[in-house]
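**Q** The structure is given below, and queries will be raised subsequently.
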Amino acid sequence: KADKKFQYNSDDINQIQVNRKGKLLAACDDSGGINVIDIGTTEGKVFRELQDNEKNICMSVQFRPRSAWELASASLGLQDAIVQWDISKGRALRNYQNAFEKGNTDSDEKQKQQVVNPPFANSISFSRDGHTVAAGLGNGSVALYDFKSKRGGEAILGSLEGHSSSVCQVEFPAFGDARDLISCGNDQTVVLWKLHAEKNTDATSSLGSAKVRIALPEKPNWIATTSFNGACICVADCSAVINVMTIQ
């Protein structure tokens, strides 16, 4: 039996996350709404209700590291794909457009895949310093956004291309250095990326390289990482099995 029940969202909840201090819980849902709940109180009051302008399905929400009052959300839209929020004031600080409609590859197969799966954001993850957001897109790309850039500056860093189908999950892992990034896709593949230290102004240059590629037996649903007893990736797929893989 549950000790508490929080019934504040108006539609199916897609993701929840608790902030670093363990006091606030953010829940995003199919209505596009985000409820930030103060779980430190006895009754669990709503601290803030957030809603993007387009009211698209909100797929992912993440508190920003090293920032007490900011979070980011990802929705199934193009204009407000990623939104940076100030939860203390309940307003959007910046909207990051999804500029990956045409992709950055000439592959015919990639273009066909994109028609079936638009480049909507399925999952987001913050780098440890809170400066970069990675987004797993429906067209198989991993988009990178610069959250430290000033308003009016270039916020879209580019994308990583390593999947032939929709990227369902991204995560800056608990192990390795701050430039490691993991993505997993419906092509039954997990990719461990090493991001480059600095942005290269050459548009043809990659933002990172694939260090490790792992084939999965099923399509993944969720991943988690740990540095306990080494570098491990845990993958829950479309079965009753959780696969745990150690990265050497």
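Each chain of the structure tokens is named A, B, ... in the order shown, its residues numbered from 1; ligands are numbered from 1 in display order.
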Show which residues sit within 9 Å of A:Asp129, as an mmCIF file with N, CA and C atoms, in the first residue's frame. Count only C-alpha atoms, and ignore same-chain residues fewer than 5 positions away.
**A**
data_model
loop_
_atom_site.group_PDB
_atom_site.id
_atom_site.type_symbol
_atom_site.label_atom_id
_atom_site.label_comp_id
_atom_site.auth_asym_id
_atom_site.auth_seq_id
_atom_site.Cartn_x
_atom_site.Cartn_y
_atom_site.Cartn_z
ATOM 1 N N ARG A 64 18.308 20.520 -13.722
ATOM 2 C CA ARG A 64 19.631 20.900 -14.193
ATOM 3 C C ARG A 64 20.654 20.817 -13.058
ATOM 4 N N PRO A 65 21.745 20.085 -13.244
ATOM 5 C CA PRO A 65 22.776 20.006 -12.213
ATOM 6 C C PRO A 65 23.376 21.382 -11.911
ATOM 7 N N ARG A 66 23.737 21.588 -10.674
ATOM 8 C CA ARG A 66 24.381 22.816 -10.216
ATOM 9 C C ARG A 66 23.503 24.054 -10.379
ATOM 10 N N ALA A 178 33.426 13.320 -17.855
ATOM 11 C CA ALA A 178 32.235 14.127 -18.123
ATOM 12 C C ALA A 178 31.854 14.169 -19.596
#
**Q** Would you mind listing what lies within 6 Å of stretch 69-71 of chain A as a list of chain:residue names, with only C-alpha atoms counted and same-chain residues fewer than 4 positions away left out?
**A** A:Gln62, A:Phe63, A:Arg64, A:Trp85, A:Asp86, A:Ile87, A:Ser88
**Q** Would you mind telling me which residue in A:Ser149, A:Ser60, A:Ser206, A:Gln188 lies nearest to A:Ala121 when using only C-alpha atoms?
**A** A:Ser60
**Q** Of the candidates A:Ser67, A:Asn35, A:Ser209, A:Asn221, which shows the shortest atom-to-atom distance to A:Gly185, using only C-alpha atoms?
**A** A:Asn221
**Q** Pick out the residues sitting within 6 Å of A:Gln84, and hand them over as a ChimeraX atom specification; count only C-alpha atoms, and ignore anything fewer than 3 positions along from it in its own chain.
**A** /A:72,92-94
**Q** Print the selection's residues with all heavy atoms to a file, as an mmCIF file, in the first residue's frame.
**A**
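To be explicit, this is the file written out as result.cif:
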data_model
loop_
_atom_site.group_PDB
_atom_site.id
_atom_site.type_symbol
_atom_site.label_atom_id
_atom_site.label_comp_id
_atom_site.auth_asym_id
_atom_site.auth_seq_id
_atom_site.Cartn_x
_atom_site.Cartn_y
_atom_site.Cartn_z
ATOM 1 N N ALA A 72 14.802 21.172 -17.417
ATOM 2 C CA ALA A 72 14.568 21.149 -18.862
ATOM 3 C C ALA A 72 13.517 20.099 -19.167
ATOM 4 O O ALA A 72 13.404 19.087 -18.459
ATOM 5 C CB ALA A 72 15.859 20.838 -19.618
ATOM 6 N N ALA A 92 9.243 29.995 -18.649
ATOM 7 C CA ALA A 92 10.265 29.470 -19.548
ATOM 8 C C ALA A 92 11.366 30.502 -19.738
ATOM 9 O O ALA A 92 11.082 31.670 -20.015
ATOM 10 C CB ALA A 92 9.645 29.109 -20.894
ATOM 11 N N LEU A 93 12.605 30.077 -19.578
ATOM 12 C CA LEU A 93 13.740 30.962 -19.797
ATOM 13 C C LEU A 93 14.127 31.003 -21.270
ATOM 14 O O LEU A 93 14.536 32.039 -21.788
ATOM 15 C CB LEU A 93 14.943 30.493 -18.975
ATOM 16 C CG LEU A 93 14.802 30.567 -17.457
ATOM 17 C CD1 LEU A 93 16.027 29.935 -16.795
ATOM 18 C CD2 LEU A 93 14.633 32.014 -17.003
ATOM 19 N N ARG A 94 13.999 29.852 -21.928
ATOM 20 C CA ARG A 94 14.414 29.776 -23.320
ATOM 21 C C ARG A 94 13.792 28.553 -23.975
ATOM 22 O O ARG A 94 13.652 27.502 -23.351
ATOM 23 C CB ARG A 94 15.940 29.705 -23.410
ATOM 24 C CG ARG A 94 16.494 29.836 -24.816
ATOM 25 C CD ARG A 94 18.006 29.974 -24.779
ATOM 26 N NE ARG A 94 18.562 30.187 -26.098
ATOM 27 C CZ ARG A 94 19.850 30.382 -26.342
ATOM 28 N NH1 ARG A 94 20.721 30.381 -25.343
ATOM 29 N NH2 ARG A 94 20.294 30.577 -27.565
#
**Q** Could you check how far atom CA of A:Gly140 sits from atom CA of A:Leu50, in Å to one decimal?
**A**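 Between atom CA of A:Gly140 and atom CA of A:Leu50 the gap works out to 28.3 Å.
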**Q** Skip A:Ala81 itself and residues of its chain fewer than 2 positions away, then list as an NGL selection string all residues within 10 Å of it, counting only C-alpha atoms.
**A** :A and (52 or 54 or 56 or 58 or 73-79 or 83 or 95-99 or 119-122 or 135)
**Q** Within 7 Å of A:Lys55, counting only C-alpha atoms, which residues qualify if same-chain residues fewer than 4 places away don't, as a list in words?
**A**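 After dropping sequence-adjacent residues, the list is Ser31, Gly32 and Gln51 of chain A.
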**Q** Could you write out that same residue set with C-alpha atoms as a PDB file, in the first residue's frame?
**A**
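Result file out.pdb:
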ATOM      1  CA  SER A  31      -0.993  16.898 -21.915  1.00  0.00           C
ATOM      2  CA  GLY A  32       2.358  18.685 -22.134  1.00  0.00           C
ATOM      3  CA  GLN A  51       2.988  24.238 -19.548  1.00  0.00           C
TER       4      GLN A  51
END
**Q** So which one's closest to A:Leu192, A:Ile247, A:Asp146, A:Glu154, A:Ser127? Using only C-alpha atoms, please.
**A**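 Closest residue, counting only C-alpha atoms: A:Ile247.
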**Q** So what do you get for atom CA of A:Leu207 versus atom CA of A:Cys232, distance-wise?
**A**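 Interatomic distance here is 23.9 Å.
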**Q** Set the distance at 8 Å and use only C-alpha atoms: which residues neighbour A:His163 once local chain neighbours fewer than 3 positions away are removed? I'd like the list as a list in words.
**A** Gly140, Ser141, Ser166, Val167, Gly185, Asp187 and Thr189 of chain A
**Q** Keeping C-alpha atoms for every residue in the selection just given, could you write it to a file as a short mmCIF file (atom, residue, chain, number, x, y, z; two decimals), in the first residue's frame?
**A**
data_model
loop_
_atom_site.label_atom_id
_atom_site.label_comp_id
_atom_site.auth_asym_id
_atom_site.auth_seq_id
_atom_site.Cartn_x
_atom_site.Cartn_y
_atom_site.Cartn_z
CA GLY A 140 17.91 8.19 -34.97
CA SER A 141 19.99 11.29 -34.15
CA SER A 166 14.58 6.05 -33.18
CA VAL A 167 16.78 6.88 -30.17
CA GLY A 185 17.80 2.99 -29.96
CA ASP A 187 17.72 -0.59 -33.72
CA THR A 189 21.94 -0.92 -30.20
#
**Q** What residues in stretch 46-210 of chain A get the DSSP label strand (DSSP E)? Please answer as a PyMOL selection string.
**A** chain A and resi 46-51+58-63+70-75+82-86+91-96+121-126+132-137+141-146+156-161+167-171+180-185+189-195+208-210
**Q** Considering only C-alpha atoms, state which residue in the set A:Thr41, A:Ser125, A:Asn139, A:Gln17 is at the smallest distance from A:Gln169.
**A**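 Ranked by minimum distance to A:Gln169, first place goes to A:Ser125.
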**Q** Could you give me, as a ChimeraX atom specification, the residues within 6 Å of A:Phe47, counting only C-alpha atoms and dropping anything in the same chain fewer than 3 positions from it?
**A** /A:36-38
**Q** Emit the selected residues as an mmCIF file, in the first residue's frame, including all heavy atoms.
**A**
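To be explicit, this is the file written out as again_38.cif:
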data_model
loop_
_atom_site.group_PDB
_atom_site.id
_atom_site.type_symbol
_atom_site.label_atom_id
_atom_site.label_comp_id
_atom_site.auth_asym_id
_atom_site.auth_seq_id
_atom_site.Cartn_x
_atom_site.Cartn_y
_atom_site.Cartn_z
ATOM 1 N N VAL A 36 5.641 20.228 -10.632
ATOM 2 C CA VAL A 36 6.758 20.144 -9.707
ATOM 3 C C VAL A 36 6.154 20.061 -8.309
ATOM 4 O O VAL A 36 5.501 20.998 -7.848
ATOM 5 C CB VAL A 36 7.704 21.349 -9.830
ATOM 6 C CG1 VAL A 36 8.865 21.205 -8.862
ATOM 7 C CG2 VAL A 36 8.214 21.482 -11.259
ATOM 8 N N ILE A 37 6.356 18.923 -7.655
ATOM 9 C CA ILE A 37 5.695 18.623 -6.388
ATOM 10 C C ILE A 37 6.701 18.676 -5.248
ATOM 11 O O ILE A 37 7.796 18.109 -5.342
ATOM 12 C CB ILE A 37 5.044 17.225 -6.439
ATOM 13 C CG1 ILE A 37 4.078 17.139 -7.638
ATOM 14 C CG2 ILE A 37 4.303 16.911 -5.151
ATOM 15 C CD1 ILE A 37 3.632 15.725 -7.961
ATOM 16 N N ASP A 38 6.326 19.356 -4.181
ATOM 17 C CA ASP A 38 7.161 19.419 -2.984
ATOM 18 C C ASP A 38 6.889 18.164 -2.158
ATOM 19 O O ASP A 38 5.927 18.107 -1.386
ATOM 20 C CB ASP A 38 6.836 20.683 -2.184
ATOM 21 C CG ASP A 38 7.762 20.866 -0.976
ATOM 22 O OD1 ASP A 38 8.545 19.938 -0.681
ATOM 23 O OD2 ASP A 38 7.696 21.933 -0.340
#
